[in-house]
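Raw contents of entry.cif, mmCIF, C-alpha atoms:
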```cif
data_data
loop_
_atom_site.label_atom_id
_atom_site.label_comp_id
_atom_site.auth_asym_id
_atom_site.auth_seq_id
_atom_site.Cartn_x
_atom_site.Cartn_y
_atom_site.Cartn_z
CA MET A 25 -26.44 -53.75 -0.55
CA LYS A 26 -25.11 -51.65 -3.44
CA PRO A 27 -26.54 -48.09 -3.61
CA VAL A 28 -28.21 -48.65 -7.00
CA MET A 29 -29.92 -51.84 -5.80
CA MET A 30 -31.02 -50.08 -2.60
CA TRP A 31 -32.61 -47.31 -4.70
CA ILE A 32 -34.45 -49.84 -6.89
CA CYS A 33 -35.76 -51.78 -3.88
CA LEU A 34 -36.99 -48.64 -2.14
CA LEU A 35 -38.73 -47.43 -5.29
CA ALA A 36 -40.51 -50.76 -5.67
CA ALA A 37 -41.61 -50.64 -2.03
CA GLY A 38 -43.02 -47.16 -2.55
CA VAL A 39 -45.15 -48.25 -5.52
CA GLN A 40 -46.61 -51.17 -3.57
CA ALA A 41 -47.43 -48.99 -0.57
CA ALA A 42 -49.27 -46.40 -2.65
CA GLY A 43 -51.60 -48.82 -4.42
CA PHE A 44 -53.54 -47.68 -7.49
CA LEU A 45 -53.25 -43.90 -7.84
CA GLY A 46 -56.49 -42.06 -8.47
CA GLY A 47 -56.85 -38.29 -8.39
CA GLY A 48 -56.17 -35.24 -10.49
CA ASP A 49 -54.08 -32.25 -11.47
CA ILE A 50 -55.36 -29.49 -9.18
CA SER A 51 -52.85 -26.78 -10.11
CA MET A 52 -55.49 -24.01 -10.24
CA LEU A 53 -57.12 -24.82 -6.90
CA THR A 54 -55.76 -21.79 -5.02
CA ARG A 55 -56.93 -19.36 -7.72
CA VAL A 56 -60.34 -21.04 -8.01
CA GLU A 57 -60.85 -20.80 -4.25
CA GLN A 58 -59.74 -17.16 -4.27
CA ALA A 59 -62.40 -16.51 -6.91
CA GLY A 60 -65.01 -17.70 -4.44
CA VAL A 61 -65.82 -21.21 -5.65
CA VAL A 62 -67.14 -23.51 -2.92
CA PHE A 63 -66.97 -27.22 -3.67
CA LYS A 64 -69.79 -29.42 -2.44
CA ASP A 65 -70.34 -33.16 -2.10
CA GLU A 66 -74.00 -34.18 -1.92
CA GLY A 67 -74.85 -30.59 -1.05
CA GLN A 68 -72.33 -30.24 1.77
CA PRO A 69 -69.48 -27.70 1.36
CA LYS A 70 -66.08 -29.32 1.63
CA GLU A 71 -62.45 -28.45 0.93
CA LEU A 72 -61.55 -29.94 -2.46
CA ILE A 73 -58.64 -32.18 -1.46
CA ARG A 74 -60.64 -33.60 1.43
CA LEU A 75 -63.68 -34.03 -0.80
CA MET A 76 -61.72 -35.95 -3.42
CA GLN A 77 -59.97 -38.04 -0.77
CA ASP A 78 -63.33 -38.93 0.77
CA ASN A 79 -64.21 -40.28 -2.67
CA GLY A 80 -61.09 -42.44 -2.93
CA CYS A 81 -58.48 -40.11 -4.43
CA THR A 82 -54.92 -40.69 -3.26
CA CYS A 83 -52.79 -38.61 -5.64
CA PHE A 84 -52.61 -35.00 -6.84
CA ARG A 85 -50.38 -33.33 -9.42
CA LEU A 86 -49.17 -29.71 -9.62
CA ARG A 87 -47.38 -28.01 -12.50
CA LEU A 88 -44.47 -25.63 -12.14
CA PHE A 89 -43.32 -22.94 -14.56
CA VAL A 90 -39.88 -21.30 -14.42
CA ASN A 91 -40.94 -17.62 -14.54
CA PRO A 92 -44.71 -17.57 -15.09
CA SER A 93 -46.54 -14.45 -16.21
CA GLY A 94 -49.13 -14.68 -13.42
CA ARG A 95 -51.96 -14.35 -15.95
CA GLY A 96 -54.68 -16.89 -16.68
CA GLY A 97 -53.60 -20.40 -15.78
CA VAL A 98 -49.89 -19.49 -15.85
CA VAL A 99 -49.47 -18.70 -12.15
CA GLN A 100 -47.57 -21.66 -10.75
CA ASP A 101 -44.22 -20.35 -9.54
CA ILE A 102 -42.28 -21.97 -6.67
CA PRO A 103 -44.02 -20.15 -3.75
CA TYR A 104 -47.51 -20.81 -5.16
CA THR A 105 -46.77 -24.46 -5.88
CA ILE A 106 -45.04 -25.18 -2.58
CA ALA A 107 -47.98 -23.71 -0.64
CA LEU A 108 -50.42 -25.98 -2.47
CA ALA A 109 -48.05 -28.95 -2.25
CA LYS A 110 -47.99 -28.55 1.53
CA ARG A 111 -51.77 -28.97 1.59
CA ILE A 112 -51.46 -32.18 -0.42
CA LYS A 113 -48.71 -33.51 1.83
CA ALA A 114 -50.62 -32.55 5.00
CA ALA A 115 -53.58 -34.53 3.68
CA GLY A 116 -51.36 -37.61 3.37
CA ALA A 117 -51.79 -37.87 -0.41
CA VAL A 118 -49.18 -38.69 -3.05
CA PHE A 119 -47.80 -35.54 -4.68
CA ILE A 120 -46.60 -35.35 -8.30
CA LEU A 121 -44.56 -32.34 -9.41
CA ASP A 122 -44.86 -31.58 -13.13
CA LEU A 123 -41.84 -29.57 -14.34
CA HIS A 124 -42.71 -27.72 -17.56
CA TYR A 125 -39.22 -26.24 -18.19
CA SER A 126 -40.94 -23.19 -19.66
CA ASP A 127 -42.43 -19.87 -18.58
CA THR A 128 -45.76 -20.99 -20.03
CA TRP A 129 -47.69 -24.06 -21.19
CA ALA A 130 -45.53 -26.92 -22.46
CA ASP A 131 -47.44 -29.39 -24.64
CA PRO A 132 -47.02 -31.08 -28.04
CA ALA A 133 -47.52 -27.75 -29.85
CA HIS A 134 -45.49 -25.57 -27.46
CA GLN A 135 -42.19 -26.37 -25.76
CA THR A 136 -40.71 -22.88 -25.47
CA LYS A 137 -37.55 -22.38 -23.43
CA PRO A 138 -37.71 -20.00 -20.46
CA ALA A 139 -36.81 -16.48 -21.57
CA ALA A 140 -33.87 -16.39 -19.17
CA TRP A 141 -32.37 -19.47 -20.88
CA LYS A 142 -33.03 -18.33 -24.44
CA ASP A 143 -29.49 -17.45 -25.49
CA LEU A 144 -27.55 -20.07 -23.56
CA PRO A 145 -25.08 -22.20 -25.55
CA PHE A 146 -26.15 -25.85 -25.58
CA GLU A 147 -23.68 -27.06 -22.95
CA ASP A 148 -24.72 -24.23 -20.65
CA LEU A 149 -28.39 -25.09 -21.27
CA VAL A 150 -27.72 -28.67 -20.19
CA LYS A 151 -26.02 -27.45 -17.00
CA THR A 152 -28.87 -25.03 -16.32
CA VAL A 153 -31.54 -27.73 -16.69
CA GLU A 154 -29.65 -29.88 -14.20
CA SER A 155 -29.02 -27.10 -11.68
CA TYR A 156 -32.55 -25.68 -11.94
CA THR A 157 -34.05 -29.12 -11.33
CA GLU A 158 -31.74 -29.85 -8.41
CA GLN A 159 -32.30 -26.46 -6.78
CA THR A 160 -36.07 -26.72 -7.25
CA LEU A 161 -36.25 -30.16 -5.62
CA ARG A 162 -33.98 -29.04 -2.79
CA GLU A 163 -36.30 -26.11 -2.09
CA PHE A 164 -39.36 -28.37 -2.02
CA LYS A 165 -37.52 -30.74 0.30
CA LYS A 166 -36.43 -27.87 2.56
CA GLN A 167 -40.06 -26.75 2.79
CA GLU A 168 -41.19 -30.32 3.63
CA ALA A 169 -43.09 -30.52 0.36
CA LEU A 170 -40.98 -33.06 -1.50
CA PRO A 171 -42.94 -34.83 -4.26
CA GLU A 172 -43.11 -38.61 -4.40
CA LEU A 173 -43.03 -38.45 -8.20
CA VAL A 174 -41.48 -35.91 -10.56
CA GLN A 175 -42.32 -35.39 -14.22
CA VAL A 176 -39.22 -34.27 -16.09
CA GLY A 177 -41.11 -32.36 -18.79
CA ASN A 178 -44.74 -32.27 -19.86
CA GLU A 179 -46.00 -34.18 -22.94
CA ILE A 180 -42.51 -34.31 -24.39
CA HIS A 181 -42.79 -36.75 -27.32
CA PRO A 182 -41.98 -33.84 -29.70
CA GLY A 183 -39.06 -32.95 -27.42
CA PHE A 184 -38.80 -29.98 -25.07
CA LEU A 185 -36.74 -26.81 -24.65
CA TRP A 186 -37.12 -25.96 -28.34
CA PRO A 187 -35.27 -25.53 -30.62
CA GLU A 188 -32.27 -27.40 -29.14
CA GLY A 189 -34.41 -30.15 -27.63
CA ARG A 190 -36.86 -30.49 -30.50
CA LEU A 191 -37.13 -34.03 -31.93
CA ASP A 192 -36.88 -34.38 -35.70
CA ASP A 193 -36.21 -37.71 -37.41
CA LYS A 194 -34.64 -35.81 -40.31
CA ASP A 195 -31.97 -34.49 -37.96
CA PRO A 196 -29.67 -37.29 -36.70
CA ASN A 197 -28.45 -35.08 -33.87
CA SER A 198 -31.87 -34.26 -32.45
CA TRP A 199 -32.16 -37.37 -30.28
CA PRO A 200 -28.67 -37.02 -28.76
CA ARG A 201 -29.42 -33.36 -27.92
CA PHE A 202 -32.84 -34.14 -26.49
CA ALA A 203 -31.54 -37.10 -24.48
CA GLY A 204 -28.75 -34.93 -23.09
CA LEU A 205 -31.25 -32.38 -21.82
CA LEU A 206 -33.63 -35.02 -20.47
CA LYS A 207 -30.86 -36.84 -18.61
CA ALA A 208 -29.75 -33.52 -17.15
CA GLY A 209 -33.21 -33.02 -15.64
CA ILE A 210 -33.20 -36.57 -14.26
CA ARG A 211 -29.73 -36.04 -12.75
CA GLY A 212 -31.07 -32.94 -11.04
CA VAL A 213 -33.84 -34.98 -9.40
CA ARG A 214 -31.42 -37.68 -8.24
CA GLN A 215 -28.86 -35.20 -6.91
CA ALA A 216 -31.45 -33.42 -4.77
CA THR A 217 -32.85 -36.61 -3.25
CA THR A 218 -31.68 -39.83 -1.61
CA PRO A 219 -32.87 -43.42 -2.05
CA GLU A 220 -34.71 -43.06 1.26
CA ASP A 221 -36.79 -40.23 -0.26
CA LYS A 222 -38.20 -42.79 -2.73
CA VAL A 223 -38.77 -40.13 -5.40
CA LYS A 224 -39.61 -41.61 -8.80
CA VAL A 225 -39.14 -40.01 -12.22
CA ILE A 226 -41.99 -39.96 -14.75
CA ILE A 227 -41.42 -39.40 -18.46
CA HIS A 228 -44.70 -38.05 -19.84
CA ILE A 229 -45.89 -38.17 -23.44
CA ALA A 230 -49.29 -37.57 -25.05
CA ALA A 231 -49.97 -40.75 -27.01
CA GLY A 232 -52.46 -42.76 -24.96
CA GLY A 233 -53.93 -44.74 -27.84
CA GLU A 234 -50.92 -44.57 -30.16
CA TRP A 235 -48.56 -47.53 -29.92
CA GLY A 236 -46.41 -46.43 -32.86
CA LYS A 237 -45.59 -43.08 -31.30
CA THR A 238 -45.10 -44.62 -27.85
CA ASP A 239 -42.80 -47.35 -29.18
CA TRP A 240 -40.75 -44.86 -31.21
CA PHE A 241 -40.26 -42.54 -28.26
CA PHE A 242 -39.39 -45.01 -25.52
CA SER A 243 -37.30 -47.21 -27.82
CA ASN A 244 -35.17 -44.16 -28.50
CA CYS A 245 -35.03 -43.34 -24.80
CA ARG A 246 -33.66 -46.83 -24.27
CA LYS A 247 -31.20 -46.42 -27.15
CA TYR A 248 -29.83 -43.17 -25.73
CA GLY A 249 -29.60 -44.37 -22.15
CA VAL A 250 -32.40 -42.38 -20.52
CA GLU A 251 -33.10 -43.95 -17.11
CA TYR A 252 -36.51 -43.33 -15.56
CA ASP A 253 -39.08 -45.11 -13.39
CA ILE A 254 -42.59 -44.59 -14.78
CA ILE A 255 -44.16 -43.96 -18.18
CA GLY A 256 -46.76 -41.19 -18.09
CA GLN A 257 -49.46 -40.89 -20.75
CA SER A 258 -52.13 -38.37 -21.62
CA PHE A 259 -55.39 -39.87 -22.85
CA TYR A 260 -58.06 -37.54 -24.19
CA PRO A 261 -60.08 -39.71 -26.59
CA TRP A 262 -60.83 -36.81 -28.95
CA TRP A 263 -57.07 -36.48 -29.50
CA HIS A 264 -55.52 -39.83 -28.60
CA GLY A 265 -57.84 -42.58 -29.80
CA THR A 266 -60.33 -45.16 -28.65
CA MET A 267 -60.39 -47.11 -25.41
CA ASP A 268 -59.47 -50.26 -27.33
CA GLU A 269 -56.45 -48.47 -28.78
CA LEU A 270 -55.43 -47.36 -25.30
CA LYS A 271 -55.77 -50.92 -24.00
CA ASP A 272 -53.61 -52.25 -26.83
CA ASN A 273 -50.98 -49.57 -26.27
CA LEU A 274 -50.83 -50.21 -22.52
CA ALA A 275 -50.41 -53.94 -23.08
CA ARG A 276 -47.67 -53.52 -25.68
CA THR A 277 -45.90 -50.87 -23.61
CA ALA A 278 -45.95 -53.01 -20.46
CA LYS A 279 -44.61 -56.03 -22.34
CA LYS A 280 -41.81 -54.25 -24.19
CA PHE A 281 -40.58 -51.66 -21.70
CA LYS A 282 -41.46 -53.35 -18.40
CA LYS A 283 -42.26 -50.04 -16.71
CA ASP A 284 -45.25 -49.00 -14.63
CA ILE A 285 -47.63 -46.76 -16.57
CA LEU A 286 -49.66 -43.88 -15.16
CA VAL A 287 -52.34 -41.99 -17.09
CA VAL A 288 -51.37 -38.57 -15.76
CA GLU A 289 -53.99 -36.63 -17.73
CA THR A 290 -57.48 -37.46 -18.91
CA ALA A 291 -60.90 -35.79 -19.12
CA TYR A 292 -64.31 -36.12 -20.74
CA PRO A 293 -67.22 -33.63 -20.99
CA TRP A 294 -70.27 -33.85 -18.75
CA GLN A 295 -72.28 -31.68 -21.12
CA ASP A 296 -72.01 -30.44 -24.68
CA VAL A 297 -71.02 -26.94 -25.75
CA PRO A 298 -70.88 -25.33 -29.19
CA ASN A 299 -67.63 -25.82 -31.12
CA PHE A 300 -66.10 -28.37 -28.72
CA GLU A 301 -66.21 -31.09 -31.34
CA SER A 302 -64.65 -28.78 -33.95
CA ARG A 303 -61.32 -29.21 -32.10
CA ALA A 304 -61.58 -32.99 -31.92
CA GLU A 305 -59.13 -34.91 -34.08
CA ARG A 306 -60.66 -38.29 -33.23
CA LEU A 307 -64.37 -37.53 -33.00
CA GLU A 308 -65.27 -41.18 -33.54
CA ALA A 309 -63.52 -42.04 -30.27
CA MET A 310 -66.03 -40.02 -28.21
CA THR A 311 -68.54 -42.83 -27.84
CA TRP A 312 -69.87 -41.93 -24.38
CA GLU A 313 -72.73 -39.51 -23.82
CA LYS A 314 -71.75 -35.93 -23.04
CA SER A 315 -73.64 -35.98 -19.78
CA PRO A 316 -72.85 -36.57 -16.10
CA ALA A 317 -73.69 -40.25 -16.57
CA GLY A 318 -71.60 -40.44 -19.73
CA GLN A 319 -68.61 -38.83 -18.04
CA LYS A 320 -68.90 -41.36 -15.21
CA ALA A 321 -69.14 -44.27 -17.66
CA PHE A 322 -66.01 -43.04 -19.46
CA LEU A 323 -63.98 -42.82 -16.25
CA GLU A 324 -65.20 -46.21 -15.01
CA GLU A 325 -64.14 -47.83 -18.27
CA LEU A 326 -60.81 -46.01 -18.29
CA ILE A 327 -59.95 -47.07 -14.75
CA GLN A 328 -60.83 -50.68 -15.53
CA THR A 329 -58.75 -50.57 -18.72
CA VAL A 330 -55.69 -49.25 -16.89
CA ARG A 331 -56.09 -51.67 -13.98
CA THR A 332 -56.13 -54.67 -16.30
CA THR A 333 -52.80 -53.75 -17.93
CA PRO A 334 -50.63 -56.92 -17.94
CA ASP A 335 -48.36 -57.62 -14.96
CA GLY A 336 -50.09 -54.94 -12.89
CA ARG A 337 -48.22 -52.22 -14.79
CA GLY A 338 -51.19 -49.82 -14.96
CA ILE A 339 -50.80 -47.91 -11.70
CA GLY A 340 -53.20 -44.99 -11.86
CA VAL A 341 -55.46 -42.40 -13.51
CA LEU A 342 -55.39 -38.65 -12.89
CA TRP A 343 -58.10 -36.26 -14.07
CA TRP A 344 -56.97 -33.02 -15.68
CA TYR A 345 -58.24 -29.84 -13.96
CA PRO A 346 -61.12 -31.39 -12.00
CA GLU A 347 -61.64 -28.03 -10.23
CA SER A 348 -62.27 -26.13 -13.50
CA VAL A 349 -65.40 -24.33 -12.33
CA PRO A 350 -65.97 -21.10 -14.31
CA THR A 351 -65.63 -17.86 -12.35
CA LYS A 352 -65.71 -14.14 -13.12
CA GLN A 353 -61.93 -14.26 -13.39
CA SER A 354 -61.72 -17.40 -15.56
CA GLY A 355 -64.02 -19.35 -17.81
CA GLY A 356 -62.25 -22.58 -16.91
CA TRP A 357 -60.94 -25.14 -19.37
CA ASN A 358 -63.57 -25.89 -22.05
CA GLY A 359 -65.97 -23.63 -20.15
CA GLY A 360 -65.97 -26.10 -17.25
CA ILE A 361 -67.58 -28.97 -19.17
CA THR A 362 -64.66 -31.33 -18.55
CA ALA A 363 -64.44 -30.62 -14.80
CA LEU A 364 -65.56 -33.10 -12.15
CA PHE A 365 -67.85 -30.43 -10.70
CA ASP A 366 -70.79 -28.56 -12.17
CA LYS A 367 -70.88 -24.78 -12.51
CA GLU A 368 -72.10 -24.38 -8.92
CA GLY A 369 -69.26 -26.51 -7.54
CA ASN A 370 -71.32 -29.65 -6.94
CA ALA A 371 -69.45 -32.93 -7.33
CA LEU A 372 -70.49 -34.86 -10.41
CA PRO A 373 -71.08 -38.64 -10.34
CA ALA A 374 -67.68 -39.38 -11.91
CA VAL A 375 -65.93 -38.32 -8.68
CA LYS A 376 -67.26 -41.51 -7.09
CA CYS A 377 -65.35 -43.66 -9.61
CA PHE A 378 -62.18 -43.36 -7.55
CA LYS A 379 -63.64 -45.11 -4.49
CA GLY A 380 -61.91 -48.37 -3.59
CA LEU A 381 -59.02 -47.93 -6.03
CA SER A 382 -56.34 -48.29 -3.36
CA ALA A 383 -57.59 -51.77 -2.54
CA PRO A 384 -55.83 -54.74 -4.20
CA GLN A 385 -57.16 -55.74 -7.64
#
```
What's the structure tokens form of this structure?
Amino acid sequence: MKPVMMWICLLAAGVQAAGFLGGGDISMLTRVEQAGVVFKDEGQPKELIRLMQDNGCTCFRLRLFVNPSGRGGVVQDIPYTIALAKRIKAAGAVFILDLHYSDTWADPAHQTKPAAWKDLPFEDLVKTVESYTEQTLREFKKQEALPELVQVGNEIHPGFLWPEGRLDDKDPNSWPRFAGLLKAGIRGVRQATTPEDKVKVIIHIAAGGEWGKTDWFFSNCRKYGVEYDIIGQSFYPWWHGTMDELKDNLARTAKKFKKDILVVETAYPWQDVPNFESRAERLEAMTWEKSPAGQKAFLEELIQTVRTTPDGRGIGVLWWYPESVPTKQSGGWNGGITALFDKEGNALPAVKCFKGLSAPQ
């Protein structure tokens, strides 16, 4: 069998073995535990990964910064992330590594190059992206913490590694530059792994309910020869649209691009707080109650929507920062109202939504 065909067959086998991926991004777990939070399921204290697995979770994501400041949520350097990755691997769960290619948060509004790469000429930047990615994956593999899936960038529909990798339709050279950087990251993943490792590459954008943006981005990826395995989407309804819009986008994406699709980030509040809605761009999309029951209803509907994507292309849903319980050191994201645990660490009803997801549809 030719090497390329062997790689494709092994990747397909890995997807089938994993089943539907349910879980969350638990990048702050170590810091939350160090702050004294104890997670509980039906009143019984339990380690978070075990607790979520007992409720059907099979997959956990961790972010990685290049040279993080160590302040707030920007603490995930290689030693921190490998230590937490080992816990995920020891638990037998699927591990996703989310490479931010930045010293701080990379998202649609911020895609800042690492300070150490700031003055590199473009060709040297391309080489650095490739070598950094390869060396990072080799270190994870050496430490027996190799991820099953790797995100090359985080929410990168506006590009990444700005300004060189910023996407601008007014600049005809922006896509070739961006694609060159993206392919360098993907080469780094492939060079550090073998087909037998069955590591898959995710390209992650934040356009869950936006077909136009999704089509534009992945059509250009196709045009410029970007080869990847899975489409990752963020879906926060207050930013990315209604559930019907998500369903339409998933169906169109599956039909046109014939790639598996993973919702790698989502959340919904279990209670209301002042000013939360002032940041919502799509307030009309928040049709569920802001209550524990409403959060559960949202996640149930989201899981069903993803699972009914045509041709079985919807392969999972991950909750963003489920462990976001406020502490003296940190107020948590949105004050903890979009966590899957209340402010005393008790599991909320939505955690139960993941049960049975690994079973065939």
Write out as AutoDock Vina command-line options an axis-aligned box for segment 262-275 of chain A: all of its atoms listed in the file, 4 Å added on each side, centre and edge lengths in Å with one decimal.
```
--center_x -55.6 --center_y -45.2 --center_z -26.2 --size_x 18.4 --size_y 25.5 --size_z 15.3
```
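Each of A:Asn178, A:Thr54, A:Thr266, A:Thr290 was checked against His134 of chain A using all atoms listed in the file; the smallest atom-to-atom distance is that of A:Asn178.
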Using the chain letters and residue numbers of this document, give as number ranges by chain the residues selected by the PyMOL selection byres ((chain A and resi 182-188) around 8).
A: 125-126, 130, 132, 135-137, 146, 177, 179-181, 189-192, 198, 201-202
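The spacing separating atom CA of Asp78 of chain A from atom CA of Gly338 of chain A amounts to 22.7 Å.
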Hey, which of A:Asp49, A:Glu324, A:Asp122, A:Glu347 ends up closest to Thr82 of chain A? Count all atoms listed in the file.
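Among the listed residues, the smallest separation from Thr82 of chain A belongs to A:Asp49.
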Between A:Arg276, A:Lys222, A:Arg87, A:Lys194, single out the one closest to Gln175 of chain A, counting only C-alpha atoms.
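So, comparing all the options, the nearest one is A:Arg87.
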Looking at A:Phe322, A:Trp344, A:Phe84, A:Tyr252, which one is nearest to Val225 of chain A, with distances taken over all atoms listed in the file?
A:Tyr252
Please tabulate, as JSON lines, the residues of segment 222-291 of chain A that come within 12 Å of segment 362-368 of chain A, each with its closest pair of atoms and the distance in Å to one decimal, counting all atoms listed in the file and ordering rows by chain, then residue number upward.
```
{"residue": "A:Tyr260", "atom": "CA", "partner": "A:Thr362", "partner_atom": "CA", "distance": 10.7}
{"residue": "A:Glu289", "atom": "CA", "partner": "A:Thr362", "partner_atom": "CA", "distance": 11.9}
{"residue": "A:Thr290", "atom": "CA", "partner": "A:Thr362", "partner_atom": "CA", "distance": 9.4}
{"residue": "A:Ala291", "atom": "CA", "partner": "A:Thr362", "partner_atom": "CA", "distance": 5.9}
```
Suppose we keep C-alpha atoms; can you now write the selection as a compact mmCIF listing (two decimals), keeping the file's coordinate frame?
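The new file part24.txt reads:
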```
# COMPACT_ATOMS: atom_id res chain seq x y z
CA TYR A 260 -58.06 -37.54 -24.19
CA GLU A 289 -53.99 -36.63 -17.73
CA THR A 290 -57.48 -37.46 -18.91
CA ALA A 291 -60.90 -35.79 -19.12
```
Could you check how far atom CA of Gln100 of chain A sits from atom CA of Gly232 of chain A, in Å to one decimal?
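Interatomic distance here is 25.9 Å.
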Any chance you could work out the residue set of the PyMOL selection byres ((chain A and resi 97) around 10) here, as a count of residues only?
16
Take the PyMOL selection byres ((chain A and resi 329-336) around 9), apply it to the structure above, and return the hits as an mmCIF file with C-alpha atoms, in the frame of the given file.
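Just written: out.cif:
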```cif
data_model
loop_
_atom_site.group_PDB
_atom_site.id
_atom_site.type_symbol
_atom_site.label_atom_id
_atom_site.label_comp_id
_atom_site.auth_asym_id
_atom_site.auth_seq_id
_atom_site.Cartn_x
_atom_site.Cartn_y
_atom_site.Cartn_z
ATOM 1 C CA PHE A 44 -53.540 -47.680 -7.490
ATOM 2 C CA MET A 267 -60.390 -47.110 -25.410
ATOM 3 C CA ASP A 268 -59.470 -50.260 -27.330
ATOM 4 C CA LEU A 270 -55.430 -47.360 -25.300
ATOM 5 C CA LYS A 271 -55.770 -50.920 -24.000
ATOM 6 C CA LEU A 274 -50.830 -50.210 -22.520
ATOM 7 C CA ALA A 275 -50.410 -53.940 -23.080
ATOM 8 C CA ARG A 276 -47.670 -53.520 -25.680
ATOM 9 C CA ALA A 278 -45.950 -53.010 -20.460
ATOM 10 C CA LYS A 279 -44.610 -56.030 -22.340
ATOM 11 C CA LYS A 282 -41.460 -53.350 -18.400
ATOM 12 C CA ASP A 284 -45.250 -49.000 -14.630
ATOM 13 C CA ILE A 285 -47.630 -46.760 -16.570
ATOM 14 C CA LEU A 286 -49.660 -43.880 -15.160
ATOM 15 C CA VAL A 287 -52.340 -41.990 -17.090
ATOM 16 C CA GLU A 324 -65.200 -46.210 -15.010
ATOM 17 C CA GLU A 325 -64.140 -47.830 -18.270
ATOM 18 C CA LEU A 326 -60.810 -46.010 -18.290
ATOM 19 C CA ILE A 327 -59.950 -47.070 -14.750
ATOM 20 C CA GLN A 328 -60.830 -50.680 -15.530
ATOM 21 C CA ARG A 337 -48.220 -52.220 -14.790
ATOM 22 C CA GLY A 338 -51.190 -49.820 -14.960
ATOM 23 C CA ILE A 339 -50.800 -47.910 -11.700
ATOM 24 C CA GLY A 340 -53.200 -44.990 -11.860
ATOM 25 C CA VAL A 341 -55.460 -42.400 -13.510
ATOM 26 C CA GLN A 385 -57.160 -55.740 -7.640
#
```
Ranking A:Val213, A:Pro261, A:Asn299, A:Gly360 by minimum distance to Gln159 of chain A and counting only C-alpha atoms, which one comes first?
A:Val213
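Nearest-residue note for Val297 of chain A: choosing from A:Leu53, A:Leu206, A:Ala371, A:Ile361, the minimum distance belongs to A:Ile361, counting all atoms listed in the file.
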Which polymer residues have any atom within 9 Å of an atom of segment 306-308 of chain A, counting all atoms listed in the file, with same-chain residues fewer than 5 positions away left out, as a count of residues only?
7
